[in-house]
file structure_10.tsv (TSV, C-alpha atoms and all ligand atoms)
chain	number	residue	atom	x	y	z
A	1	MET	CA	-1.51	57.97	-8.21
A	2	SER	CA	-0.61	61.60	-7.78
A	3	ARG	CA	2.84	62.61	-6.64
A	4	ARG	CA	1.43	63.93	-3.35
A	5	LYS	CA	-0.45	60.74	-2.63
A	6	ARG	CA	2.65	58.62	-3.35
A	7	LYS	CA	4.74	60.75	-0.93
A	8	LYS	CA	2.08	60.29	1.76
A	9	LEU	CA	2.04	56.50	1.26
A	10	ILE	CA	5.86	56.28	1.53
A	11	PHE	CA	5.71	58.40	4.70
A	12	ILE	CA	3.15	56.01	6.29
A	13	ILE	CA	5.24	52.94	5.36
A	14	VAL	CA	8.36	54.49	6.93
A	15	ILE	CA	6.43	55.31	10.12
A	16	LEU	CA	5.02	51.76	10.32
A	17	LEU	CA	8.47	50.20	9.78
A	18	THR	CA	10.00	52.42	12.48
A	19	LEU	CA	7.24	51.45	14.92
A	20	SER	CA	7.75	47.71	14.25
A	21	VAL	CA	11.51	48.01	14.85
A	22	ILE	CA	10.85	49.81	18.16
A	23	CYS	CA	8.32	47.15	19.23
A	24	PHE	CA	10.61	44.26	18.32
A	25	THR	CA	13.61	45.78	20.16
A	26	SER	CA	11.50	46.40	23.30
A	27	VAL	CA	10.23	42.81	23.39
A	28	ILE	CA	13.79	41.46	23.07
A	29	TYR	CA	15.02	43.85	25.79
A	30	LEU	CA	12.24	42.90	28.23
A	31	ASN	CA	12.73	39.18	27.65
A	32	ASN	CA	16.42	39.54	28.18
A	33	ARG	CA	15.86	41.37	31.47
A	34	LYS	CA	13.60	38.57	32.75
A	35	ASP	CA	16.22	35.83	32.16
A	36	PRO	CA	19.78	37.08	31.90
A	37	ASN	CA	20.88	33.61	30.72
A	38	ALA	CA	18.42	33.56	27.82
A	39	PHE	CA	21.03	34.44	25.24
A	40	MET	CA	23.79	32.47	26.95
A	41	ASN	CA	21.91	29.22	27.28
A	42	ASN	CA	19.56	27.75	24.76
A	43	ASN	CA	18.20	25.14	27.20
A	44	PRO	CA	14.71	25.77	28.48
A	45	SER	CA	15.02	26.67	32.16
A	46	LYS	CA	13.26	23.48	33.31
A	47	ASP	CA	16.19	21.45	31.94
A	48	ASN	CA	18.75	23.77	33.34
A	49	PRO	CA	20.01	22.33	36.65
A	50	SER	CA	21.43	25.70	37.72
A	51	SER	CA	17.97	27.26	37.92
A	52	SER	CA	17.33	28.73	41.31
A	53	ASP	CA	14.12	26.72	41.84
A	54	VAL	CA	15.99	23.38	41.98
A	55	ASP	CA	16.55	21.77	45.39
A	56	PRO	CA	20.17	22.39	46.49
A	57	VAL	CA	20.61	18.66	47.29
A	58	GLU	CA	19.57	17.83	43.74
A	59	LEU	CA	22.00	20.44	42.44
A	60	SER	CA	24.94	18.85	44.24
A	61	LEU	CA	23.83	15.37	43.21
A	62	ARG	CA	23.82	16.44	39.57
A	63	LYS	CA	27.43	17.55	39.86
A	64	GLU	CA	28.57	14.03	40.80
A	65	THR	CA	30.54	12.16	38.13
A	66	TYR	CA	28.37	9.04	38.18
A	67	PHE	CA	25.00	10.79	38.55
A	68	LEU	CA	22.23	8.89	36.73
A	69	GLU	CA	18.99	10.66	35.88
A	70	ARG	CA	17.00	7.44	36.33
A	71	ASN	CA	18.15	7.20	39.96
A	72	LEU	CA	17.34	10.77	41.01
A	73	SER	CA	14.36	10.03	43.26
A	74	ARG	CA	16.28	7.21	44.94
A	75	TYR	CA	19.32	9.48	45.55
A	76	LEU	CA	17.06	12.08	47.15
A	77	ARG	CA	15.38	9.53	49.40
A	78	TYR	CA	18.68	7.87	50.35
A	79	ALA	CA	20.32	11.26	51.06
A	80	LYS	CA	17.41	12.19	53.34
A	81	GLU	CA	17.62	8.87	55.20
A	82	ASN	CA	21.43	9.13	55.52
A	83	PRO	CA	22.24	12.77	56.30
A	84	SER	CA	25.82	11.91	57.32
A	85	LYS	CA	26.70	10.64	53.83
A	86	ASP	CA	28.11	13.07	51.28
A	87	MET	CA	26.67	13.22	47.77
A	88	GLU	CA	29.46	11.16	46.24
A	89	GLU	CA	28.67	8.31	48.63
A	90	VAL	CA	24.93	8.65	48.02
A	91	VAL	CA	25.40	8.29	44.25
A	92	ARG	CA	27.89	5.46	44.73
A	93	CYS	CA	25.57	3.51	47.05
A	94	VAL	CA	22.36	3.98	45.12
A	95	ASN	CA	24.01	3.06	41.80
A	96	ALA	CA	25.12	-0.16	43.48
A	97	ASN	CA	21.55	-0.65	44.85
A	98	ILE	CA	22.64	-0.35	48.48
A	99	ASP	CA	19.45	1.62	49.19
A	100	SER	CA	17.74	-1.80	49.16
A	101	GLU	CA	18.58	-4.64	51.55
A	102	PHE	CA	20.85	-7.30	50.06
A	103	TYR	CA	18.90	-10.02	48.25
A	104	THR	CA	15.86	-7.76	47.75
A	105	ASN	CA	14.67	-6.20	44.46
A	106	VAL	CA	16.58	-8.97	42.73
A	107	VAL	CA	16.58	-9.16	38.93
A	108	ASP	CA	17.89	-11.80	36.55
A	109	THR	CA	21.43	-11.29	35.31
A	110	ASN	CA	21.34	-10.04	31.72
A	111	LEU	CA	23.23	-12.76	29.87
A	112	ASP	CA	23.41	-10.56	26.76
A	113	ASP	CA	26.13	-8.60	28.57
A	114	GLY	CA	28.53	-11.42	27.66
A	115	LEU	CA	31.89	-11.03	29.37
A	116	LEU	CA	30.48	-8.08	31.34
A	117	VAL	CA	27.60	-9.89	33.05
A	118	LEU	CA	26.87	-8.68	36.53
A	119	VAL	CA	26.23	-11.20	39.29
A	120	ASN	CA	25.84	-9.77	42.78
A	121	LYS	CA	23.33	-9.66	45.63
A	122	TYR	CA	20.77	-7.98	43.32
A	123	HIS	CA	21.49	-9.83	40.05
A	124	LYS	CA	21.11	-13.57	39.97
A	125	LEU	CA	21.69	-16.50	37.64
A	126	ALA	CA	19.16	-19.28	37.03
A	127	SER	CA	19.79	-22.59	38.77
A	128	ASP	CA	20.22	-24.30	35.40
A	129	TYR	CA	22.58	-21.68	33.96
A	130	GLU	CA	25.77	-23.34	32.74
A	131	PRO	CA	28.25	-21.26	30.72
A	132	ASP	CA	30.59	-22.62	28.02
A	133	LEU	CA	33.76	-23.72	29.73
A	134	VAL	CA	37.18	-25.13	29.03
A	135	LYS	CA	39.19	-27.47	31.24
A	136	MET	CA	42.18	-25.82	32.90
A	137	ASP	CA	45.68	-27.23	32.77
A	138	THR	CA	47.19	-28.26	36.10
A	139	LYS	CA	50.09	-25.92	35.29
A	140	TYR	CA	47.68	-23.05	36.03
A	141	SER	CA	45.18	-24.60	38.37
A	142	TYR	CA	44.98	-26.79	41.39
A	143	ASP	CA	43.04	-29.89	40.39
A	144	ASN	CA	41.04	-30.04	37.14
A	145	LYS	CA	38.94	-26.90	37.17
A	146	TYR	CA	36.90	-25.21	34.45
A	147	MET	CA	36.73	-21.63	33.24
A	148	ASN	CA	35.39	-19.41	30.45
A	149	ALA	CA	37.78	-19.81	27.47
A	150	VAL	CA	38.54	-16.07	27.02
A	151	ALA	CA	39.09	-15.51	30.73
A	152	TYR	CA	41.31	-18.59	30.86
A	153	GLU	CA	43.54	-17.40	27.97
A	154	HIS	CA	44.13	-14.13	29.82
A	155	LEU	CA	44.64	-15.88	33.13
A	156	LYS	CA	47.36	-18.04	31.56
A	157	ASP	CA	49.08	-14.91	30.19
A	158	MET	CA	48.89	-13.32	33.61
A	159	ILE	CA	50.23	-16.37	35.45
A	160	ASP	CA	53.09	-16.72	32.91
A	161	ALA	CA	53.99	-13.02	33.25
A	162	ALA	CA	53.95	-13.24	37.05
A	163	LEU	CA	56.27	-16.24	36.94
A	164	LEU	CA	58.83	-14.22	34.96
A	165	ASP	CA	58.81	-11.81	37.90
A	166	GLY	CA	59.32	-14.72	40.33
A	167	ILE	CA	55.67	-14.77	41.47
A	168	LYS	CA	53.83	-18.08	41.56
A	169	LEU	CA	50.08	-17.80	40.98
A	170	TYR	CA	47.59	-20.61	40.48
A	171	ASN	CA	43.84	-20.96	40.41
A	172	ILE	CA	42.21	-22.81	43.28
A	173	SER	CA	38.56	-22.14	42.41
A	174	SER	CA	37.08	-20.90	39.14
A	175	TYR	CA	33.73	-22.17	37.78
A	176	ARG	CA	31.34	-23.46	40.43
A	177	SER	CA	27.97	-24.91	39.50
A	178	TYR	CA	24.74	-23.88	41.20
A	179	GLN	CA	24.79	-27.17	43.10
A	180	THR	CA	28.41	-26.76	44.25
A	181	GLN	CA	27.59	-23.24	45.46
A	182	THR	CA	24.52	-24.54	47.32
A	183	ASP	CA	26.65	-27.10	49.15
A	184	LEU	CA	29.41	-24.59	49.87
A	185	TYR	CA	27.06	-21.91	51.21
A	186	ASN	CA	25.15	-24.42	53.37
A	187	ARG	CA	28.40	-25.68	54.81
A	188	TYR	CA	29.38	-22.13	55.81
A	189	VAL	CA	25.92	-21.43	57.26
A	190	ASN	CA	26.19	-24.56	59.42
A	191	LYS	CA	29.66	-23.51	60.55
A	192	ASP	CA	29.24	-19.75	61.18
A	193	GLY	CA	25.52	-18.99	60.93
A	194	LYS	CA	23.65	-17.32	58.10
A	195	GLU	CA	24.50	-13.70	58.91
A	196	ALA	CA	28.25	-14.31	58.98
A	197	ALA	CA	28.18	-16.67	55.98
A	198	ASP	CA	26.46	-13.99	53.91
A	199	THR	CA	29.44	-11.67	54.36
A	200	TYR	CA	31.89	-14.02	52.68
A	201	SER	CA	29.92	-16.63	50.74
A	202	ALA	CA	27.37	-16.12	47.99
A	203	ARG	CA	24.00	-17.83	48.02
A	204	ALA	CA	23.49	-20.19	45.09
A	205	GLY	CA	22.65	-18.25	41.92
A	206	TYR	CA	24.38	-15.14	43.27
A	207	SER	CA	27.95	-16.33	42.88
A	208	GLU	CA	30.20	-14.86	40.22
A	209	HIS	CA	31.93	-18.24	40.12
A	210	GLN	CA	28.89	-19.65	38.30
A	211	THR	CA	29.77	-17.42	35.30
A	212	GLY	CA	33.15	-19.09	34.78
A	213	LEU	CA	34.71	-15.60	34.69
A	214	ALA	CA	36.07	-15.52	38.25
A	215	THR	CA	39.10	-17.07	39.86
A	216	ASP	CA	40.32	-17.40	43.42
A	217	LEU	CA	44.10	-17.29	43.32
A	218	ASN	CA	46.37	-19.19	45.71
A	219	THR	CA	43.97	-19.09	48.68
A	220	ALA	CA	40.44	-18.21	49.74
A	221	ASP	CA	41.24	-18.13	53.42
A	222	GLU	CA	41.00	-14.81	55.24
A	223	ASN	CA	43.35	-16.08	57.93
A	224	LYS	CA	46.18	-16.57	55.42
A	225	HIS	CA	46.39	-12.77	54.98
A	226	PHE	CA	47.02	-12.95	51.26
A	227	GLU	CA	46.89	-9.13	51.24
A	228	ASN	CA	50.37	-9.08	52.83
A	229	SER	CA	51.97	-11.39	50.27
A	230	PRO	CA	54.23	-10.46	47.33
A	231	GLU	CA	51.70	-12.30	45.12
A	232	TYR	CA	48.97	-9.85	46.10
A	233	ALA	CA	51.31	-6.89	45.63
A	234	TRP	CA	52.04	-8.12	42.10
A	235	LEU	CA	48.34	-8.66	41.31
A	236	SER	CA	47.38	-5.23	42.63
A	237	LYS	CA	49.83	-3.65	40.23
A	238	ASN	CA	49.35	-5.90	37.20
A	239	ALA	CA	46.04	-7.81	37.10
A	240	TYR	CA	44.23	-5.08	35.14
A	241	LYS	CA	46.75	-5.37	32.30
A	242	TYR	CA	45.37	-8.86	31.68
A	243	GLY	CA	41.73	-7.80	31.99
A	244	PHE	CA	41.22	-8.86	35.61
A	245	ILE	CA	39.84	-6.76	38.44
A	246	GLU	CA	39.95	-7.21	42.16
A	247	ARG	CA	36.23	-7.78	42.60
A	248	TYR	CA	35.80	-7.34	46.38
A	249	PRO	CA	38.30	-4.64	47.37
A	250	LYS	CA	39.17	-3.37	50.80
A	251	ASP	CA	36.92	-0.56	52.09
A	252	LYS	CA	34.27	-1.32	49.45
A	253	GLU	CA	32.52	-3.98	51.52
A	254	TYR	CA	29.46	-1.73	51.95
A	255	ILE	CA	29.04	-1.68	48.17
A	256	THR	CA	29.96	-5.21	47.15
A	257	GLY	CA	28.35	-6.86	50.16
A	258	TYR	CA	31.42	-9.03	50.68
A	259	ILE	CA	34.42	-8.86	52.96
A	260	PHE	CA	37.74	-7.87	51.39
A	261	GLU	CA	38.77	-10.83	49.20
A	262	PRO	CA	42.29	-10.10	47.95
A	263	TRP	CA	42.33	-13.49	46.17
A	264	HIS	CA	39.16	-13.12	44.06
A	265	TYR	CA	39.65	-11.77	40.52
A	266	ARG	CA	37.06	-11.32	37.82
A	267	TYR	CA	37.74	-11.12	34.09
A	268	VAL	CA	36.15	-8.05	32.41
A	269	GLY	CA	38.63	-7.40	29.56
A	270	GLU	CA	41.54	-4.96	29.47
A	271	THR	CA	39.61	-1.75	28.68
A	272	VAL	CA	37.08	-2.09	31.49
A	273	ALA	CA	39.70	-3.40	33.90
A	274	LYS	CA	41.90	-0.37	33.22
A	275	TYR	CA	39.01	2.04	33.79
A	276	ILE	CA	38.10	0.35	37.07
A	277	TYR	CA	41.76	0.32	38.14
A	278	ASP	CA	42.30	3.99	37.23
A	279	HIS	CA	39.09	5.23	38.85
A	280	GLN	CA	39.04	2.89	41.85
A	281	ILE	CA	35.37	2.01	41.52
A	282	THR	CA	33.71	-1.37	41.91
A	283	PHE	CA	32.34	-3.39	39.01
A	284	ASP	CA	28.84	-2.93	40.48
A	285	GLU	CA	29.18	0.86	40.03
A	286	TYR	CA	30.81	0.54	36.62
A	287	TYR	CA	27.95	-1.68	35.47
A	288	ALA	CA	25.25	0.73	36.67
A	289	TYR	CA	26.82	3.69	34.91
A	290	PHE	CA	28.18	2.22	31.69
A	291	ILE	CA	26.29	-0.98	30.93
A	292	GLU	CA	22.87	-1.16	32.56
A	293	LYS	CA	20.13	0.35	30.41
A	301	ZN	ZN	35.89	-16.20	44.80
call {"tool": "encode", "arguments": {"input": "structure_10.tsv", "output": "structure tokens"}}
result
Amino acid sequence: MSRRKRKKLIFIIVILLTLSVICFTSVIYLNNRKDPNAFMNNNPSKDNPSSSDVDPVELSLRKETYFLERNLSRYLRYAKENPSKDMEEVVRCVNANIDSEFYTNVVDTNLDDGLLVLVNKYHKLASDYEPDLVKMDTKYSYDNKYMNAVAYEHLKDMIDAALLDGIKLYNISSYRSYQTQTDLYNRYVNKDGKEAADTYSARAGYSEHQTGLATDLNTADENKHFENSPEYAWLSKNAYKYGFIERYPKDKEYITGYIFEPWHYRYVGETVAKYIYDHQITFDEYYAYFIEK
């Protein structure tokens, strides 16, 4: 190749390289102008909840602590049907299935959840379900009752600790069989009618007492006003330390489906009990967010 020809070739290469750099820079600049977040956010805009084409209700729902992607369409429907409810309440209610009538869309309790099984008005136990149980000592329980062994060990620790503080606690009702619950519920229906009975008594298969993980302490009578007793004050402050939660708290009736039951405690283990205590949520909500798949 002659010297002249070589010079010409180098000149052409330089021109071509310059043109490619200019083209590349322009494309980047134009793209960047279209979406100012393109360099800030690697998510495609369809996954980015802050995109301007997302419904503002959906945007506020997504900001809620316990937002669950799988419940989105139900949140939106429930929010539309209940315009007076704020987004926190919408998420709370839907996660606890309150967008369906009690005792509808019922599924079987997942027994693989072990000590964290959920039994409520949407999760039921089979009529022949009988957990492993141990007999309770009369030092801790009225009459000879039965309970899950792990829950019972922690209940004993709790009752012993309370006694050191001058508080006398004892179990009056722990495990109840399907048949016992049937009799109990029917008795209440005959006494107060079905609608009223449903607010304070579980239908058979829907009672947490059938798991052996629940205990009614000292009373189960609304008229005794256990909530005003020093025993309740002690439990409110200390039960979580022993892995127990107040299962049907005051002002959460619309979520649990039961009246305030200051005497009913459910064993869930110390870690879960502490979370529920610290965040003031119900077990139904905890289950939806942390356990249910
Ligand atoms: Zn109870």
call {"tool": "residues_around", "arguments": {"input": "structure_10.tsv", "residues": "Asp143 in chain A", "least_positions_apart": "3", "cutoff": "12 Å", "atoms": "all atoms listed in the file", "output": "PDB file with C-alpha atoms, in the coordinates of the input"}}
result
ATOM      1  CA  LYS A 135      39.190 -27.470  31.240  1.00  0.00           C
ATOM      2  CA  MET A 136      42.180 -25.820  32.900  1.00  0.00           C
ATOM      3  CA  ASP A 137      45.680 -27.230  32.770  1.00  0.00           C
ATOM      4  CA  THR A 138      47.190 -28.260  36.100  1.00  0.00           C
ATOM      5  CA  LYS A 139      50.090 -25.920  35.290  1.00  0.00           C
ATOM      6  CA  TYR A 140      47.680 -23.050  36.030  1.00  0.00           C
ATOM      7  CA  TYR A 146      36.900 -25.210  34.450  1.00  0.00           C
ATOM      8  CA  TYR A 170      47.590 -20.610  40.480  1.00  0.00           C
ATOM      9  CA  ASN A 171      43.840 -20.960  40.410  1.00  0.00           C
ATOM     10  CA  ILE A 172      42.210 -22.810  43.280  1.00  0.00           C
ATOM     11  CA  SER A 173      38.560 -22.140  42.410  1.00  0.00           C
ATOM     12  CA  SER A 174      37.080 -20.900  39.140  1.00  0.00           C
TER      13      SER A 174
END
call {"tool": "residues_near_ligand", "arguments": {"input": "structure_10.tsv", "ligand": "ligand ZN 301 (chain A)", "cutoff": "6 Å", "atoms": "only C-alpha atoms and all ligand atoms", "output": "list in words"}}
result
Thr215, Asp216 and His264 of chain A
call {"tool": "write_last_selection", "arguments": {"input": "structure_10.tsv", "atoms": "C-alpha atoms", "output": "PDB file, in the coordinates of the input"}}
result
ATOM      1  CA  THR A 215      39.100 -17.070  39.860  1.00  0.00           C
ATOM      2  CA  ASP A 216      40.320 -17.400  43.420  1.00  0.00           C
ATOM      3  CA  HIS A 264      39.160 -13.120  44.060  1.00  0.00           C
TER       4      HIS A 264
END
call {"tool": "closest_residue", "arguments": {"input": "structure_10.tsv", "among": "A:Thr219, A:Lys241, A:Gln181, A:Thr211", "to": "Tyr275 in chain A", "atoms": "only C-alpha atoms"}}
result
A:Lys241
call {"tool": "closest_atom_pairs", "arguments": {"input": "structure_10.tsv", "of": "range 116-159 of chain A", "to": "range 230-240 of chain A", "cutoff": "10 Å", "atoms": "all atoms listed in the file", "output": "Markdown table"}}
result
| residue | atom | partner | partner_atom | distance |
| --- | --- | --- | --- | --- |
| A:His154 | CA | A:Ala239 | CA | 9.8 |
| A:Leu155 | CA | A:Ala239 | CA | 9.1 |
| A:Met158 | CA | A:Ala239 | CA | 7.1 |
| A:Ile159 | CA | A:Ala239 | CA | 9.7 |
call {"tool": "atom_distance", "arguments": {"input": "structure_10.tsv", "atom1": "CA of Tyr78 in chain A", "atom2": "CA of Thr282 in chain A"}}
result
19.6 Å
call {"tool": "atom_distance", "arguments": {"input": "structure_10.tsv", "atom1": "CA of Asn186 in chain A", "atom2": "CA of Ala202 in chain A"}}
result
10.1 Å
call {"tool": "closest_residue", "arguments": {"input": "structure_10.tsv", "among": "A:Val268, A:Ala149, A:Ile259, A:Leu164", "to": "Ala220 in chain A", "atoms": "all atoms listed in the file"}}
result
A:Ile259
call {"tool": "atom_distance", "arguments": {"input": "structure_10.tsv", "atom1": "CA of Thr256 in chain A", "atom2": "CA of Asp108 in chain A"}}
result
17.4 Å
call {"tool": "closest_residue", "arguments": {"input": "structure_10.tsv", "among": "A:Tyr254, A:Tyr289, A:Tyr248, A:Leu68", "to": "Asp99 in chain A", "atoms": "all atoms listed in the file"}}
result
A:Tyr254
call {"tool": "closest_residue", "arguments": {"input": "structure_10.tsv", "among": "A:Asn95, A:Ser127, A:Ser73, A:Thr271", "to": "Thr109 in chain A", "atoms": "all atoms listed in the file"}}
result
A:Ser127
call {"tool": "residues_around", "arguments": {"input": "structure_10.tsv", "residues": "range 111-113 of chain A", "least_positions_apart": "3", "cutoff": "12 Å", "atoms": "all atoms listed in the file", "output": "PDB file with C-alpha atoms, in the coordinates of the input"}}
result
ATOM      1  CA  VAL A 107      16.580  -9.160  38.930  1.00  0.00           C
ATOM      2  CA  ASP A 108      17.890 -11.800  36.550  1.00  0.00           C
ATOM      3  CA  LEU A 116      30.480  -8.080  31.340  1.00  0.00           C
ATOM      4  CA  VAL A 117      27.600  -9.890  33.050  1.00  0.00           C
ATOM      5  CA  LEU A 118      26.870  -8.680  36.530  1.00  0.00           C
ATOM      6  CA  VAL A 119      26.230 -11.200  39.290  1.00  0.00           C
ATOM      7  CA  HIS A 123      21.490  -9.830  40.050  1.00  0.00           C
ATOM      8  CA  LYS A 124      21.110 -13.570  39.970  1.00  0.00           C
ATOM      9  CA  LEU A 125      21.690 -16.500  37.640  1.00  0.00           C
ATOM     10  CA  ALA A 126      19.160 -19.280  37.030  1.00  0.00           C
ATOM     11  CA  TYR A 129      22.580 -21.680  33.960  1.00  0.00           C
ATOM     12  CA  GLU A 130      25.770 -23.340  32.740  1.00  0.00           C
ATOM     13  CA  PRO A 131      28.250 -21.260  30.720  1.00  0.00           C
ATOM     14  CA  THR A 211      29.770 -17.420  35.300  1.00  0.00           C
ATOM     15  CA  VAL A 268      36.150  -8.050  32.410  1.00  0.00           C
ATOM     16  CA  TYR A 287      27.950  -1.680  35.470  1.00  0.00           C
ATOM     17  CA  PHE A 290      28.180   2.220  31.690  1.00  0.00           C
ATOM     18  CA  ILE A 291      26.290  -0.980  30.930  1.00  0.00           C
ATOM     19  CA  GLU A 292      22.870  -1.160  32.560  1.00  0.00           C
ATOM     20  CA  LYS A 293      20.130   0.350  30.410  1.00  0.00           C
TER      21      LYS A 293
END
call {"tool": "residues_around", "arguments": {"input": "structure_10.tsv", "residues": "Arg92 in chain A", "least_positions_apart": "3", "cutoff": "9 Å", "atoms": "all atoms listed in the file", "output": "PDB file with C-alpha atoms, in the coordinates of the input"}}
result
ATOM      1  CA  TYR A  66      28.370   9.040  38.180  1.00  0.00           C
ATOM      2  CA  PHE A  67      25.000  10.790  38.550  1.00  0.00           C
ATOM      3  CA  MET A  87      26.670  13.220  47.770  1.00  0.00           C
ATOM      4  CA  GLU A  88      29.460  11.160  46.240  1.00  0.00           C
ATOM      5  CA  GLU A  89      28.670   8.310  48.630  1.00  0.00           C
ATOM      6  CA  ASN A  95      24.010   3.060  41.800  1.00  0.00           C
ATOM      7  CA  ALA A  96      25.120  -0.160  43.480  1.00  0.00           C
ATOM      8  CA  ASN A  97      21.550  -0.650  44.850  1.00  0.00           C
ATOM      9  CA  ILE A  98      22.640  -0.350  48.480  1.00  0.00           C
ATOM     10  CA  ILE A 255      29.040  -1.680  48.170  1.00  0.00           C
ATOM     11  CA  ILE A 281      35.370   2.010  41.520  1.00  0.00           C
ATOM     12  CA  GLU A 285      29.180   0.860  40.030  1.00  0.00           C
TER      13      GLU A 285
END
call {"tool": "closest_residue", "arguments": {"input": "structure_10.tsv", "among": "A:Leu133, A:Ile276, A:Leu9, A:Leu76", "to": "Ala151 in chain A", "atoms": "all atoms listed in the file"}}
result
A:Leu133
call {"tool": "closest_residue", "arguments": {"input": "structure_10.tsv", "among": "A:Tyr206, A:Tyr178, A:Tyr242, A:Phe260", "to": "Ala273 in chain A", "atoms": "all atoms listed in the file"}}
result
A:Tyr242
call {"tool": "closest_atom_pairs", "arguments": {"input": "structure_10.tsv", "of": "range 52-167 of chain A", "to": "range 197-201 of chain A", "cutoff": "12 Å", "atoms": "only C-alpha atoms", "output": "tab-separated table"}}
result
residue	atom	partner	partner_atom	distance
A:Phe102	CA	A:Asp198	CA	9.5
A:Tyr103	CA	A:Asp198	CA	10.2
A:Asn120	CA	A:Ser201	CA	11.3
A:Lys121	CA	A:Asp198	CA	9.9
call {"tool": "write_last_selection", "arguments": {"input": "structure_10.tsv", "atoms": "C-alpha atoms", "output": "short mmCIF file (atom, residue, chain, number, x, y, z; two decimals), in the frame of the given file"}}
result
data_model
loop_
_atom_site.label_atom_id
_atom_site.label_comp_id
_atom_site.auth_asym_id
_atom_site.auth_seq_id
_atom_site.Cartn_x
_atom_site.Cartn_y
_atom_site.Cartn_z
CA PHE A 102 20.85 -7.30 50.06
CA TYR A 103 18.90 -10.02 48.25
CA ASN A 120 25.84 -9.77 42.78
CA LYS A 121 23.33 -9.66 45.63
#
call {"tool": "decode", "arguments": {"input": "structure_10.tsv", "residues": "range 160-178 of chain A", "atoms": "N, CA and C atoms", "output": "tab-separated table (two decimals), in the first residue's frame"}}
result
chain	number	residue	atom	x	y	z
A	160	ASP	N	-45.93	-19.66	87.46
A	160	ASP	CA	-44.96	-19.59	88.57
A	160	ASP	C	-44.43	-18.17	88.73
A	161	ALA	N	-44.10	-17.54	87.60
A	161	ALA	CA	-43.55	-16.17	87.64
A	161	ALA	C	-44.59	-15.19	88.18
A	162	ALA	N	-45.84	-15.38	87.77
A	162	ALA	CA	-46.90	-14.48	88.24
A	162	ALA	C	-47.06	-14.60	89.76
A	163	LEU	N	-46.98	-15.85	90.23
A	163	LEU	CA	-47.16	-16.09	91.66
A	163	LEU	C	-46.10	-15.36	92.49
A	164	LEU	N	-44.88	-15.29	91.96
A	164	LEU	CA	-43.80	-14.56	92.65
A	164	LEU	C	-44.15	-13.08	92.77
A	165	ASP	N	-44.98	-12.60	91.85
A	165	ASP	CA	-45.42	-11.20	91.90
A	165	ASP	C	-46.76	-11.07	92.64
A	166	GLY	N	-47.19	-12.16	93.30
A	166	GLY	CA	-48.43	-12.13	94.06
A	166	GLY	C	-49.68	-12.25	93.20
A	167	ILE	N	-49.55	-12.76	91.99
A	167	ILE	CA	-50.69	-12.91	91.07
A	167	ILE	C	-51.02	-14.38	90.88
A	168	LYS	N	-52.28	-14.73	91.16
A	168	LYS	CA	-52.66	-16.14	91.05
A	168	LYS	C	-53.39	-16.38	89.73
A	169	LEU	N	-52.73	-17.17	88.86
A	169	LEU	CA	-53.34	-17.53	87.58
A	169	LEU	C	-53.56	-19.03	87.53
A	170	TYR	N	-54.62	-19.46	86.89
A	170	TYR	CA	-54.84	-20.89	86.67
A	170	TYR	C	-55.70	-21.10	85.44
A	171	ASN	N	-55.46	-22.21	84.79
A	171	ASN	CA	-56.20	-22.54	83.57
A	171	ASN	C	-57.60	-23.05	83.94
A	172	ILE	N	-58.59	-22.57	83.22
A	172	ILE	CA	-59.92	-23.16	83.43
A	172	ILE	C	-60.39	-23.93	82.20
A	173	SER	N	-59.81	-23.62	81.02
A	173	SER	CA	-60.18	-24.36	79.82
A	173	SER	C	-59.04	-24.31	78.81
A	174	SER	N	-58.51	-25.47	78.48
A	174	SER	CA	-57.41	-25.51	77.49
A	174	SER	C	-57.89	-26.33	76.29
A	175	TYR	N	-57.43	-27.58	76.15
A	175	TYR	CA	-57.88	-28.38	75.00
A	175	TYR	C	-59.37	-28.68	75.11
A	176	ARG	N	-60.06	-28.51	73.99
A	176	ARG	CA	-61.46	-28.94	73.90
A	176	ARG	C	-61.62	-29.74	72.61
A	177	SER	N	-62.19	-30.91	72.70
A	177	SER	CA	-62.38	-31.75	71.52
A	177	SER	C	-63.46	-31.16	70.62
A	178	TYR	N	-63.53	-31.66	69.42
A	178	TYR	CA	-64.55	-31.24	68.46
A	178	TYR	C	-65.95	-31.43	69.07
